[in-house]
$ cat structure.cif   # mmCIF, C-alpha atoms
data_input
#
loop_
_atom_site.label_atom_id
_atom_site.label_comp_id
_atom_site.auth_asym_id
_atom_site.auth_seq_id
_atom_site.Cartn_x
_atom_site.Cartn_y
_atom_site.Cartn_z
CA MET F 8 -20.29 0.39 -52.45
CA ILE F 9 -21.18 0.98 -48.85
CA ARG F 10 -20.35 4.40 -47.53
CA LEU F 11 -19.95 4.59 -43.79
CA PRO F 12 -21.22 7.84 -42.23
CA LEU F 13 -17.90 8.35 -40.40
CA VAL F 14 -15.91 8.05 -43.62
CA THR F 15 -18.20 10.54 -45.31
CA LYS F 16 -17.82 12.94 -42.41
CA LEU F 17 -14.02 12.67 -42.39
CA ARG F 18 -13.83 13.31 -46.12
CA SER F 19 -16.11 16.28 -45.78
CA HIS F 20 -13.58 17.74 -43.31
CA GLY F 21 -10.72 16.99 -45.72
CA LEU F 22 -9.11 14.32 -43.45
CA PRO F 23 -7.47 11.27 -45.08
CA VAL F 24 -9.23 8.12 -43.74
CA SER F 25 -6.10 5.94 -43.71
CA ILE F 26 -4.17 8.35 -41.46
CA VAL F 27 -7.06 8.60 -39.01
CA VAL F 28 -7.41 4.80 -38.84
CA VAL F 29 -3.65 4.29 -38.28
CA SER F 30 -3.68 6.92 -35.54
CA LEU F 31 -6.62 5.30 -33.77
CA VAL F 32 -4.98 1.85 -33.91
CA THR F 33 -1.73 3.25 -32.51
CA VAL F 34 -3.49 4.94 -29.59
CA ALA F 35 -5.50 1.81 -28.81
CA THR F 36 -2.37 -0.40 -28.88
CA ALA F 37 -0.51 1.96 -26.55
CA ALA F 38 -3.44 2.03 -24.12
CA LEU F 39 -3.65 -1.77 -24.11
CA ALA F 40 0.10 -2.04 -23.48
CA ILE F 41 -0.17 0.29 -20.49
CA VAL F 42 -3.03 -1.77 -19.02
CA VAL F 43 -1.09 -5.03 -19.45
CA LEU F 44 2.05 -3.58 -17.89
CA GLU F 45 0.18 -2.19 -14.92
CA ARG F 46 -1.66 -5.44 -14.27
CA GLY F 47 1.44 -7.55 -14.73
CA GLY F 48 0.85 -9.39 -17.96
CA PRO F 49 1.16 -13.11 -18.51
CA GLY F 50 4.42 -14.44 -17.16
CA SER F 51 5.53 -11.11 -15.80
CA VAL F 52 7.23 -10.91 -12.43
CA THR F 53 6.81 -7.75 -10.43
CA VAL F 54 10.19 -6.95 -8.95
CA THR F 55 10.38 -4.44 -6.18
CA ALA F 56 13.32 -3.50 -4.02
CA GLY F 57 14.66 -6.68 -2.48
CA THR F 58 11.63 -8.87 -3.03
CA LEU F 59 10.17 -10.99 -5.76
CA GLY F 60 6.54 -10.13 -6.27
CA GLU F 61 4.86 -13.24 -7.60
CA SER F 62 7.37 -16.02 -7.18
CA ASP F 63 8.00 -17.90 -3.98
CA PRO F 64 11.28 -16.55 -2.62
CA LEU F 65 11.84 -19.74 -0.66
CA GLU F 66 11.90 -21.81 -3.82
CA ASP F 67 13.49 -19.36 -6.21
CA ASP F 68 17.23 -19.72 -6.74
CA SER F 69 17.44 -16.34 -8.39
CA ALA F 70 15.90 -14.60 -5.39
CA PRO F 71 17.86 -11.67 -3.97
CA ILE F 72 19.83 -12.05 -0.75
CA SER F 73 16.96 -10.74 1.34
CA SER F 74 14.85 -13.70 0.23
CA PRO F 75 16.28 -16.69 2.05
CA LYS F 76 16.71 -20.08 0.45
CA SER F 77 14.55 -22.95 1.50
CA CYS F 78 15.48 -24.70 4.71
CA ILE F 79 13.45 -27.78 3.82
CA ASP F 80 15.68 -30.76 4.43
CA ARG F 81 14.38 -33.96 2.86
CA SER F 82 17.06 -36.04 4.53
CA VAL F 83 15.39 -35.52 7.89
CA ASP F 84 14.28 -38.87 9.20
CA VAL F 85 10.87 -38.57 10.78
CA VAL F 86 9.77 -42.15 10.33
CA ASP F 87 10.73 -43.43 13.76
CA GLN F 88 9.51 -40.40 15.63
CA TYR F 89 6.01 -40.30 14.21
CA GLY F 90 5.49 -43.69 12.68
CA ILE F 91 5.16 -42.15 9.24
CA ALA F 92 6.08 -44.69 6.63
CA GLU F 93 6.27 -42.41 3.61
CA PRO F 94 9.70 -41.02 2.74
CA ALA F 95 10.07 -37.44 1.61
CA PRO F 96 8.53 -36.98 -1.82
CA GLU F 97 11.09 -36.68 -4.57
CA GLU F 98 9.40 -33.65 -6.00
CA LEU F 99 7.13 -31.26 -4.21
CA ASP F 100 3.90 -30.29 -5.91
CA PRO F 101 3.96 -26.48 -5.77
CA ALA F 102 0.18 -26.43 -6.13
CA LEU F 103 -0.12 -27.85 -2.65
CA GLY F 104 1.35 -24.67 -1.20
CA ALA F 105 2.03 -24.23 2.46
CA VAL F 106 0.78 -26.33 5.34
CA HIS F 107 -1.43 -24.23 7.61
CA VAL F 108 -0.98 -24.84 11.30
CA SER F 109 -2.40 -23.64 14.59
CA VAL F 110 -0.29 -24.16 17.71
CA ASP F 111 -2.11 -23.95 21.00
CA ASP F 112 -0.85 -23.80 24.54
CA PHE F 113 -3.65 -21.70 26.05
CA SER F 114 -1.20 -19.12 27.38
CA THR F 115 -2.36 -15.86 25.86
CA VAL F 116 -2.71 -12.83 28.14
CA THR F 117 -4.97 -9.81 28.09
CA THR F 118 -2.75 -6.95 29.24
CA ILE F 119 0.61 -5.50 28.29
CA PRO F 120 2.00 -5.87 31.84
CA ASP F 121 1.09 -9.58 31.73
CA LEU F 122 2.82 -9.97 28.37
CA VAL F 123 5.89 -8.19 29.76
CA ALA F 124 5.86 -10.46 32.82
CA LYS F 125 5.82 -13.58 30.60
CA SER F 126 8.70 -12.32 28.45
CA ARG F 127 12.40 -12.58 29.16
CA ARG F 128 13.49 -10.03 26.59
CA ILE F 129 11.62 -7.24 24.79
CA VAL F 130 13.48 -5.68 21.91
CA ILE F 131 13.12 -3.40 18.93
CA GLY F 132 15.43 -4.12 16.02
CA LYS F 133 15.95 -5.21 12.45
CA ILE F 134 16.24 -8.76 11.17
CA LYS F 135 19.68 -9.09 9.63
CA ALA F 136 19.82 -12.77 8.72
CA GLY F 137 17.68 -15.90 8.71
CA PRO F 138 19.79 -19.05 8.47
CA CYS F 139 18.23 -22.48 8.74
CA GLY F 140 17.82 -23.75 12.28
CA ARG F 141 16.91 -26.87 14.18
CA VAL F 142 14.36 -29.50 13.41
CA VAL F 143 12.10 -29.96 16.43
CA GLY F 144 9.46 -32.59 15.99
CA LEU F 145 6.95 -31.39 13.43
CA PHE F 146 8.77 -28.11 12.89
CA GLY F 147 11.69 -27.08 10.76
CA LEU F 148 12.86 -23.82 12.30
CA ARG F 149 14.73 -20.81 10.99
CA ASN F 150 17.01 -18.72 13.21
CA MET F 151 16.08 -15.07 12.82
CA VAL F 152 19.01 -12.87 13.81
CA VAL F 153 17.90 -9.48 15.11
CA GLU F 154 20.19 -6.49 15.34
CA VAL F 155 18.83 -4.80 18.44
CA SER F 156 18.38 -1.05 18.33
CA TYR F 157 16.57 -0.74 21.64
CA THR F 158 16.00 -3.10 24.57
CA LEU F 159 12.78 -2.36 26.41
CA ASP F 160 13.19 -5.10 28.97
CA GLY F 161 15.77 -7.72 29.91
CA ALA F 162 19.51 -7.88 29.37
CA SER F 163 20.75 -5.53 26.70
CA GLU F 164 22.70 -7.25 23.93
CA PRO F 165 23.45 -6.02 20.40
CA VAL F 166 22.02 -9.16 18.79
CA VAL F 167 19.31 -11.65 19.73
CA THR F 168 18.30 -14.71 17.75
CA PHE F 169 14.86 -16.26 17.86
CA GLU F 170 13.43 -19.37 16.26
CA GLN F 171 10.71 -18.97 13.65
CA PHE F 172 8.46 -21.72 12.26
CA ASP F 173 9.53 -22.42 8.70
CA TRP F 174 8.61 -25.83 7.27
CA ASP F 175 6.63 -28.96 8.01
CA THR F 176 8.69 -32.09 8.63
CA GLN F 177 5.79 -34.38 7.72
CA THR F 178 5.06 -33.02 4.28
CA PHE F 179 8.33 -31.19 3.55
CA ARG F 180 6.35 -28.12 2.60
CA PRO F 181 6.55 -24.53 3.87
CA MET F 182 4.61 -23.94 7.07
CA LEU F 183 2.44 -20.95 7.93
CA VAL F 184 1.21 -20.67 11.50
CA VAL F 185 -2.06 -18.98 12.43
CA ASP F 186 -1.55 -15.57 14.08
CA TYR F 187 2.25 -15.72 13.74
CA PRO F 188 3.55 -13.16 11.20
CA GLN F 189 6.20 -14.63 8.93
CA PHE F 190 9.20 -12.35 9.30
CA HIS F 191 11.82 -11.83 6.62
CA VAL F 192 15.32 -10.40 6.53
CA GLY F 193 15.10 -6.61 6.52
CA ASP F 194 11.92 -6.46 8.62
CA GLU F 195 11.93 -4.04 11.52
CA VAL F 196 10.31 -5.69 14.50
CA LEU F 197 9.11 -5.37 18.07
CA LEU F 198 9.48 -8.70 19.83
CA PHE F 199 8.45 -10.15 23.17
CA LEU F 200 10.71 -13.15 23.65
CA LYS F 201 11.29 -15.98 26.06
CA GLU F 202 14.12 -18.44 26.14
CA SER F 203 14.05 -21.41 23.81
CA ASP F 204 15.26 -24.79 25.02
CA ALA F 205 18.26 -24.37 22.70
CA PRO F 206 21.10 -22.50 24.42
CA GLY F 207 21.41 -18.87 23.36
CA LEU F 208 18.22 -18.89 21.33
CA PHE F 209 14.88 -17.27 22.04
CA ARG F 210 11.35 -17.97 20.90
CA LEU F 211 8.32 -15.69 20.76
CA THR F 212 6.43 -15.49 24.05
CA ASN F 213 3.45 -16.51 21.92
CA PHE F 214 1.84 -14.98 18.84
CA GLN F 215 1.12 -11.88 20.96
CA GLY F 216 4.86 -11.20 21.02
CA ALA F 217 5.41 -10.59 17.29
CA TYR F 218 5.03 -7.19 15.61
CA ARG F 219 6.31 -5.70 12.37
CA LEU F 220 7.25 -2.01 12.42
CA ASP F 221 7.02 0.77 9.88
CA GLY F 222 9.01 3.63 11.34
CA ASP F 223 7.29 4.58 14.58
CA ASP F 224 4.12 2.74 13.58
CA ILE F 225 3.28 -0.86 14.39
CA VAL F 226 1.92 -2.54 11.28
CA ASP F 227 -1.69 -3.69 11.47
CA THR F 228 -1.67 -7.41 10.66
CA ALA F 229 -5.45 -7.77 11.06
CA ARG F 230 -5.15 -10.35 13.78
CA ASP F 231 -8.22 -10.80 15.96
CA ASP F 232 -6.67 -11.09 19.41
CA PRO F 233 -7.69 -8.05 21.54
CA LEU F 234 -4.21 -7.51 23.01
CA VAL F 235 -2.60 -7.71 19.57
CA ARG F 236 -5.19 -5.23 18.29
CA GLN F 237 -4.38 -2.92 21.20
CA ILE F 238 -0.63 -3.05 20.66
CA GLU F 239 -0.93 -2.64 16.90
CA SER F 240 -2.98 0.51 17.46
CA LEU F 241 -0.08 2.11 19.35
CA THR F 242 3.13 3.69 18.14
CA VAL F 243 6.51 2.32 19.12
CA THR F 244 7.03 5.38 21.30
CA GLU F 245 3.77 4.69 23.12
CA VAL F 246 4.73 1.05 23.69
CA GLN F 247 8.06 2.19 25.12
CA GLN F 248 6.26 4.55 27.46
CA LEU F 249 3.83 1.83 28.54
CA ILE F 250 6.44 -0.85 29.13
CA ALA F 251 8.84 1.29 31.15
CA PRO F 252 6.46 1.65 34.14
CA ALA F 253 5.42 -1.97 33.81
CA THR F 254 8.94 -3.28 34.41
CA MET S 8 -49.89 10.48 2.17
CA ARG S 9 -46.24 11.42 1.77
CA SER S 10 -45.45 10.47 5.39
CA ILE S 11 -47.06 7.05 4.92
CA ARG S 12 -44.97 6.47 1.81
CA ARG S 13 -41.82 7.54 3.65
CA ARG S 14 -42.67 5.21 6.52
CA ARG S 15 -43.12 2.34 4.05
CA VAL S 16 -39.74 3.09 2.49
CA VAL S 17 -38.07 3.19 5.91
CA THR S 18 -39.78 -0.08 6.89
CA ALA S 19 -38.66 -1.72 3.65
CA LEU S 20 -35.11 -0.50 4.13
CA ALA S 21 -35.04 -1.76 7.71
CA ALA S 22 -36.37 -5.14 6.61
CA THR S 23 -33.69 -5.30 3.94
CA VAL S 24 -30.96 -4.52 6.46
CA VAL S 25 -32.25 -7.16 8.90
CA ALA S 26 -32.54 -9.75 6.12
CA ALA S 27 -29.05 -8.95 4.89
CA SER S 28 -27.60 -9.29 8.38
CA LEU S 29 -29.32 -12.63 8.87
CA ALA S 30 -28.11 -13.85 5.51
CA ALA S 31 -24.56 -12.63 6.09
CA PRO S 32 -22.05 -15.45 5.90
CA PRO S 33 -20.64 -16.55 9.24
CA GLY S 34 -17.22 -15.39 8.17
CA SER S 35 -18.39 -11.82 8.29
CA ALA S 36 -18.83 -12.16 12.04
CA THR S 37 -16.08 -13.06 14.43
CA ASN S 38 -14.08 -16.21 14.75
CA PHE S 39 -15.13 -18.15 11.70
CA ALA S 40 -13.14 -18.55 8.51
CA ALA S 41 -14.79 -16.59 5.73
CA SER S 42 -15.79 -18.73 2.79
CA GLY S 43 -13.79 -16.39 0.60
CA SER S 44 -10.61 -16.68 2.62
CA SER S 45 -8.07 -16.58 -0.13
CA ILE S 46 -5.37 -14.55 1.53
CA GLU S 47 -2.27 -16.60 1.98
CA ASP S 48 0.15 -13.74 2.20
CA ASP S 49 1.83 -13.93 5.51
CA GLY S 50 0.52 -15.93 8.41
CA GLY S 51 -1.36 -19.19 8.48
CA ARG S 52 -5.08 -19.46 7.95
CA VAL S 53 -7.90 -21.63 9.19
CA TYR S 54 -10.15 -22.94 6.43
CA ARG S 55 -13.58 -24.46 6.44
CA ALA S 56 -13.86 -28.17 5.81
CA ASN S 57 -14.63 -29.22 2.25
CA ASN S 58 -18.07 -30.55 3.17
CA LYS S 59 -20.36 -31.33 6.10
CA TYR S 60 -19.23 -34.95 6.39
CA HIS S 61 -16.43 -35.07 8.93
CA TRP S 62 -14.67 -38.42 9.31
CA PHE S 63 -12.46 -39.13 12.29
CA ALA S 64 -9.69 -41.72 12.54
CA TYR S 65 -7.13 -42.33 15.26
CA ALA S 66 -3.46 -43.15 14.85
CA PRO S 67 -1.90 -46.06 16.73
CA THR S 68 -0.17 -43.44 18.89
CA ALA S 69 -3.48 -41.98 20.13
CA GLY S 70 -4.12 -43.75 23.43
CA PRO S 71 -7.50 -44.36 25.02
CA ASP S 72 -7.36 -41.01 26.83
CA ILE S 73 -7.00 -39.05 23.59
CA VAL S 74 -9.53 -41.16 21.71
CA GLY S 75 -11.94 -40.69 24.61
CA ALA S 76 -11.46 -36.92 24.66
CA VAL S 77 -11.91 -36.44 20.92
CA GLU S 78 -14.85 -38.84 20.75
CA ASN S 79 -16.44 -36.96 23.64
CA THR S 80 -16.31 -33.65 21.79
CA ARG S 81 -17.24 -35.25 18.47
CA LYS S 82 -20.36 -36.92 19.82
CA ASN S 83 -21.52 -34.32 22.35
CA ASP S 84 -20.65 -31.11 20.52
CA PHE S 85 -19.88 -31.46 16.82
CA GLU S 86 -22.44 -34.18 16.10
CA ALA S 87 -25.03 -31.85 17.62
CA THR S 88 -24.40 -29.34 14.83
CA ASP S 89 -25.38 -29.65 11.18
CA LEU S 90 -22.13 -31.52 10.57
CA VAL S 91 -22.34 -35.26 10.04
CA THR S 92 -19.46 -36.82 11.91
CA SER S 93 -18.37 -40.41 12.01
CA PHE S 94 -15.85 -42.60 13.80
CA HIS S 95 -13.63 -44.77 11.64
CA GLY S 96 -11.54 -46.63 14.13
CA THR S 97 -8.47 -46.58 16.31
CA GLY S 98 -5.03 -47.88 15.41
CA VAL S 99 -5.45 -46.54 11.88
CA SER S 100 -2.07 -46.29 10.13
CA ASP S 101 -3.22 -44.64 6.92
CA SER S 102 -3.38 -40.96 7.73
CA THR S 103 -4.53 -39.72 4.36
CA ASN S 104 -8.19 -40.64 3.98
CA TRP S 105 -9.75 -38.80 6.88
CA ASP S 106 -11.06 -35.34 7.59
CA VAL S 107 -9.48 -35.46 11.03
CA TYR S 108 -6.59 -37.79 11.82
CA VAL S 109 -5.71 -37.70 15.52
CA GLU S 110 -2.26 -38.47 16.86
CA LYS S 111 -0.38 -38.21 20.13
CA CYS S 112 3.32 -37.54 20.17
CA TYR S 113 6.07 -36.50 22.54
CA GLY S 114 8.46 -33.64 21.88
CA CYS S 115 6.83 -33.00 18.54
CA THR S 116 4.93 -29.73 19.02
CA TYR S 117 7.66 -27.39 20.27
CA GLY S 118 6.02 -27.37 23.69
CA TYR S 119 2.46 -26.61 22.61
CA ALA S 120 -0.31 -28.70 24.14
CA GLY S 121 -2.26 -29.14 20.93
CA LEU S 122 -1.68 -28.60 17.26
CA TYR S 123 -3.90 -28.49 14.19
CA LYS S 124 -2.55 -28.84 10.65
CA CYS S 125 -4.38 -28.61 7.36
CA HIS S 126 -2.42 -30.75 4.93
CA TRP S 127 -4.56 -30.25 1.86
CA VAL S 128 -6.16 -26.95 0.92
CA THR S 129 -8.30 -26.80 -2.23
CA SER S 130 -8.61 -23.44 -3.99
CA TYR S 131 -11.56 -22.59 -6.19
CA SER S 132 -11.66 -20.07 -9.00
CA ASP S 133 -14.08 -17.88 -7.06
CA GLY S 134 -11.49 -17.44 -4.31
CA ARG S 135 -12.88 -19.96 -1.86
CA LYS S 136 -10.45 -22.24 -0.10
CA VAL S 137 -11.37 -25.27 1.92
CA CYS S 138 -9.45 -27.85 3.89
CA ASN S 139 -9.84 -31.45 2.76
CA HIS S 140 -7.67 -33.20 5.26
CA SER S 141 -6.37 -32.19 8.66
CA HIS S 142 -4.27 -33.64 11.45
CA VAL S 143 -4.73 -33.00 15.14
CA PHE S 144 -1.84 -33.61 17.52
CA PHE S 145 -1.82 -33.92 21.26
CA ASN S 146 1.56 -33.33 22.88
CA GLY S 147 1.71 -36.17 25.40
CA GLY S 148 4.45 -34.34 27.28
CA VAL S 149 1.86 -31.74 28.24
CA THR S 150 -1.52 -33.44 27.97
CA ASP S 151 -0.57 -36.58 29.90
CA GLY S 152 -0.69 -34.31 32.94
CA TYR S 153 -4.08 -32.91 32.02
CA THR S 154 -7.39 -33.91 33.53
CA GLY S 155 -9.96 -35.55 31.30
CA ASN S 156 -11.84 -32.28 30.95
CA GLN S 157 -8.68 -30.39 29.95
CA LYS S 158 -8.04 -32.98 27.24
CA ILE S 159 -11.61 -32.52 26.00
CA GLN S 160 -11.02 -28.76 25.83
CA VAL S 161 -7.92 -29.31 23.67
CA ALA S 162 -9.90 -31.75 21.51
CA CYS S 163 -12.80 -29.31 21.06
CA HIS S 164 -10.36 -26.50 20.19
CA GLU S 165 -8.40 -28.42 17.57
CA VAL S 166 -11.43 -30.08 15.99
CA GLY S 167 -12.99 -26.60 15.93
CA HIS S 168 -10.10 -25.44 13.74
CA SER S 169 -10.72 -28.38 11.40
CA VAL S 170 -14.20 -27.08 10.58
CA GLY S 171 -13.15 -23.45 10.24
CA LEU S 172 -13.39 -22.00 13.73
CA MET S 173 -10.71 -19.45 14.53
CA HIS S 174 -9.42 -18.31 17.88
CA GLY S 175 -11.81 -16.18 19.87
CA PRO S 176 -13.32 -15.66 23.29
CA TYR S 177 -16.01 -18.26 22.74
CA VAL S 178 -15.73 -21.26 25.06
CA CYS S 179 -13.35 -23.91 23.70
CA MET S 180 -11.87 -21.62 21.01
CA ARG S 181 -10.42 -19.32 23.67
CA THR S 182 -6.63 -19.25 23.93
CA ASP S 183 -5.96 -17.87 27.38
CA THR S 184 -6.50 -20.77 29.74
CA ASN S 185 -7.35 -24.43 29.87
CA THR S 186 -8.88 -25.53 33.13
CA GLY S 187 -11.29 -27.84 31.35
CA SER S 188 -14.23 -25.60 32.21
CA SER S 189 -14.37 -24.31 28.61
CA ARG S 190 -14.55 -27.72 26.99
CA TRP S 191 -17.84 -27.02 25.23
CA LEU S 192 -18.41 -25.75 21.74
CA GLY S 193 -21.03 -23.26 22.94
CA THR S 194 -23.92 -21.58 21.18
CA HIS S 195 -21.87 -18.99 19.27
CA ASN S 196 -19.54 -21.52 17.67
CA ARG S 197 -22.36 -23.98 17.03
CA THR S 198 -24.42 -21.30 15.28
CA HIS S 199 -21.52 -20.48 12.96
CA ILE S 200 -20.98 -24.12 12.11
CA ASP S 201 -24.70 -24.61 11.37
CA LYS S 202 -24.73 -21.59 9.07
CA ALA S 203 -21.64 -22.76 7.23
CA TYR S 204 -22.68 -26.35 6.61
#
$ encode --input "structure.cif" --output "structure tokens"
Amino acid sequence: MIRLPLVTKLRSHGLPVSIVVVSLVTVATAALAIVVLERGGPGSVTVTAGTLGESDPLEDDSAPISSPKSCIDRSVDVVDQYGIAEPAPEELDPALGAVHVSVDDFSTVTTIPDLVAKSRRIVIGKIKAGPCGRVVGLFGLRNMVVEVSYTLDGASEPVVTFEQFDWDTQTFRPMLVVDYPQFHVGDEVLLFLKESDAPGLFRLTNFQGAYRLDGDDIVDTARDDPLVRQIESLTVTEVQQLIAPAT
Amino acid sequence: MRSIRRRRVVTALAATVVAASLAAPPGSATNFAASGSSIEDDGGRVYRANNKYHWFAYAPTAGPDIVGAVENTRKNDFEATDLVTSFHGTGVSDSTNWDVYVEKCYGCTYGYAGLYKCHWVTSYSDGRKVCNHSHVFFNGGVTDGYTGNQKIQVACHEVGHSVGLMHGPYVCMRTDTNTGSSRWLGTHNRTHIDKAY
């Protein structure tokens, strides 16, 4: 019979081997369980207040109210407009993910006064709703309804609505646009807006006009544009102080 | 003796730093998509092309002006890099087989002059993501009023996205103005492309 040194040592201390082994297994199992829970084990969904961690809120029917339903409309007829023969696919392959887009009109500016001058309305507020909006060419849009808490420039109204890029009418997949943060209901925002061609609606002046807030801080979205970097390094109070003399 | 040894160590360290900076991937500098770009959390991303072979085809909607502008930048700028580009015809209806499929449309881009879309991103287990297939759009409502050089600047900008170039202050990837004077790829962008492919 083989005698393990550890067993010999335990017996010499008067400890029953079976109890020690059971205790060790229990501790190891508990430790493993904690690691799995913290990492989000297989199939787990991390649910935090108002958001679904790992699922796509646009495709998830069980998503909370703050996660809007998909606006993708497969009945949209784009064949005539673009000469695309393929109809909307019957089922979307989720592995394809979002379509990544860059929109370019060569209109960015380098100073805050220039950005103010290009904007019709500058507001601070909270996004209260995001219903589906128009289809304009390649873009399915979503109307982001902002409850305004402070108007820095332009006519003061309690609510403004701006159009946000949402889905791609060629592939019927979600669309993400370079340098444009994707806002969601509940986000607190600082927006530089100009009028859209749809009555009563606004659009972002360009990507330099979109900022997410965290209290008095402007969230760093790691965008490269120098003016965006400058604005995101400021507090909301500092932006207010800068914009007042510029108007 | 000790000072000589210290000097050797300093020299070796300096050489290591220089070598590391030269070997750094282009994505670690400005305005090029990092090869490890795997973040798809919020905004859109620009991805590198899946390989160095970049095939161009033109939709029936792309008129001679647009074909001319894109071919100009392809031949004079992108072909001069380590990319291998090729022209695969005009009036091409099948949009799916090309690295860059060029179209012109009216009222399609929400007022923007040019638009780049990556339709097919491939993700690798090491976190890399590359674009296999992209579309470039010219908004005829805007670009029909452009000069030839302005159209070339749009072409250079959008094709630049298709190989991984991001917005920046470097020649045609700038975003502030389009007078046509920044219609070149430029040394900075070309260097990044050559390092990546």
$ resolve_selection --input "structure.cif" --expression "the PyMOL selection byres ((chain S) within 9 of (chain F))" --output "count of residues only"
46
$ atom_distance --input "structure.cif" --atom1 "CA of Gly171 in chain S" --atom2 "CA of Asp106 in chain S"
12.4 Å
$ resolve_selection --input "structure.cif" --expression "the PyMOL selection byres ((chain S and resi 70-81) around 6)" --output "MDAnalysis selection string"
chainID S and resid 69 82:86 158:159 162:163
$ atom_distance --input "structure.cif" --atom1 "CA of Phe63 in chain S" --atom2 "CA of Val107 in chain S"
4.9 Å
$ resolve_selection --input "structure.cif" --expression "the PyMOL selection byres ((chain F and resi 79) around 8)" --output "number ranges by chain"
F: 77-78, 80-81, 147, 174, 179-181
$ atom_distance --input "structure.cif" --atom1 "CA of Val167 in chain F" --atom2 "CA of Phe199 in chain F"
11.5 Å
$ residues_near_point --input "structure.cif" --point "(18.6, -19.3, 20.5)" --cutoff "8 Å" --atoms "all atoms listed in the file" --output "ChimeraX atom specification"
/F:150,167-170,202-210
$ residues_around --input "structure.cif" --residues "Asn156 in chain S" --least-positions-apart "3" --cutoff "8 Å" --atoms "only C-alpha atoms" --output "compact mmCIF listing (two decimals) with C-alpha atoms, keeping the file's coordinate frame"
# COMPACT_ATOMS: atom_id res chain seq x y z
CA ALA S 76 -11.46 -36.92 24.66
CA TYR S 153 -4.08 -32.91 32.02
CA ILE S 159 -11.61 -32.52 26.00
CA GLN S 160 -11.02 -28.76 25.83
CA THR S 186 -8.88 -25.53 33.13
CA GLY S 187 -11.29 -27.84 31.35
CA SER S 188 -14.23 -25.60 32.21
CA ARG S 190 -14.55 -27.72 26.99
$ build_atoms --input "structure.cif" --residues "range 241-252 of chain F" --atoms "N, CA, C and O atoms" --output "PDB file, in the coordinates of the input"
ATOM      1  N   LEU F 241      -0.998   1.157  18.706  1.00  0.00           N
ATOM      2  CA  LEU F 241      -0.080   2.110  19.350  1.00  0.00           C
ATOM      3  C   LEU F 241       1.091   2.412  18.430  1.00  0.00           C
ATOM      4  O   LEU F 241       1.321   1.723  17.435  1.00  0.00           O
ATOM      5  N   THR F 242       1.848   3.445  18.806  1.00  0.00           N
ATOM      6  CA  THR F 242       3.130   3.690  18.140  1.00  0.00           C
ATOM      7  C   THR F 242       4.224   3.037  18.977  1.00  0.00           C
ATOM      8  O   THR F 242       4.000   2.659  20.137  1.00  0.00           O
ATOM      9  N   VAL F 243       5.387   2.904  18.381  1.00  0.00           N
ATOM     10  CA  VAL F 243       6.510   2.320  19.120  1.00  0.00           C
ATOM     11  C   VAL F 243       6.823   3.171  20.348  1.00  0.00           C
ATOM     12  O   VAL F 243       7.086   2.643  21.440  1.00  0.00           O
ATOM     13  N   THR F 244       6.764   4.476  20.179  1.00  0.00           N
ATOM     14  CA  THR F 244       7.030   5.380  21.300  1.00  0.00           C
ATOM     15  C   THR F 244       6.045   5.133  22.439  1.00  0.00           C
ATOM     16  O   THR F 244       6.425   5.069  23.614  1.00  0.00           O
ATOM     17  N   GLU F 245       4.785   4.946  22.083  1.00  0.00           N
ATOM     18  CA  GLU F 245       3.770   4.690  23.120  1.00  0.00           C
ATOM     19  C   GLU F 245       4.007   3.358  23.823  1.00  0.00           C
ATOM     20  O   GLU F 245       3.827   3.247  25.041  1.00  0.00           O
ATOM     21  N   VAL F 246       4.429   2.351  23.060  1.00  0.00           N
ATOM     22  CA  VAL F 246       4.730   1.050  23.690  1.00  0.00           C
ATOM     23  C   VAL F 246       5.895   1.212  24.645  1.00  0.00           C
ATOM     24  O   VAL F 246       5.880   0.679  25.772  1.00  0.00           O
ATOM     25  N   GLN F 247       6.910   1.941  24.233  1.00  0.00           N
ATOM     26  CA  GLN F 247       8.060   2.190  25.120  1.00  0.00           C
ATOM     27  C   GLN F 247       7.603   2.857  26.407  1.00  0.00           C
ATOM     28  O   GLN F 247       8.026   2.474  27.491  1.00  0.00           O
ATOM     29  N   GLN F 248       6.726   3.833  26.279  1.00  0.00           N
ATOM     30  CA  GLN F 248       6.260   4.550  27.460  1.00  0.00           C
ATOM     31  C   GLN F 248       5.409   3.657  28.361  1.00  0.00           C
ATOM     32  O   GLN F 248       5.446   3.768  29.591  1.00  0.00           O
ATOM     33  N   LEU F 249       4.661   2.737  27.741  1.00  0.00           N
ATOM     34  CA  LEU F 249       3.830   1.830  28.540  1.00  0.00           C
ATOM     35  C   LEU F 249       4.647   0.762  29.250  1.00  0.00           C
ATOM     36  O   LEU F 249       4.333   0.369  30.361  1.00  0.00           O
ATOM     37  N   ILE F 250       5.683   0.278  28.574  1.00  0.00           N
ATOM     38  CA  ILE F 250       6.440  -0.850  29.130  1.00  0.00           C
ATOM     39  C   ILE F 250       7.377  -0.376  30.231  1.00  0.00           C
ATOM     40  O   ILE F 250       7.575  -1.083  31.219  1.00  0.00           O
ATOM     41  N   ALA F 251       7.902   0.803  30.121  1.00  0.00           N
ATOM     42  CA  ALA F 251       8.840   1.290  31.150  1.00  0.00           C
ATOM     43  C   ALA F 251       8.230   1.228  32.550  1.00  0.00           C
ATOM     44  O   ALA F 251       8.818   0.640  33.445  1.00  0.00           O
ATOM     45  N   PRO F 252       7.009   1.754  32.782  1.00  0.00           N
ATOM     46  CA  PRO F 252       6.460   1.650  34.140  1.00  0.00           C
ATOM     47  C   PRO F 252       6.062   0.239  34.526  1.00  0.00           C
ATOM     48  O   PRO F 252       5.942  -0.062  35.693  1.00  0.00           O
TER      49      PRO F 252
END
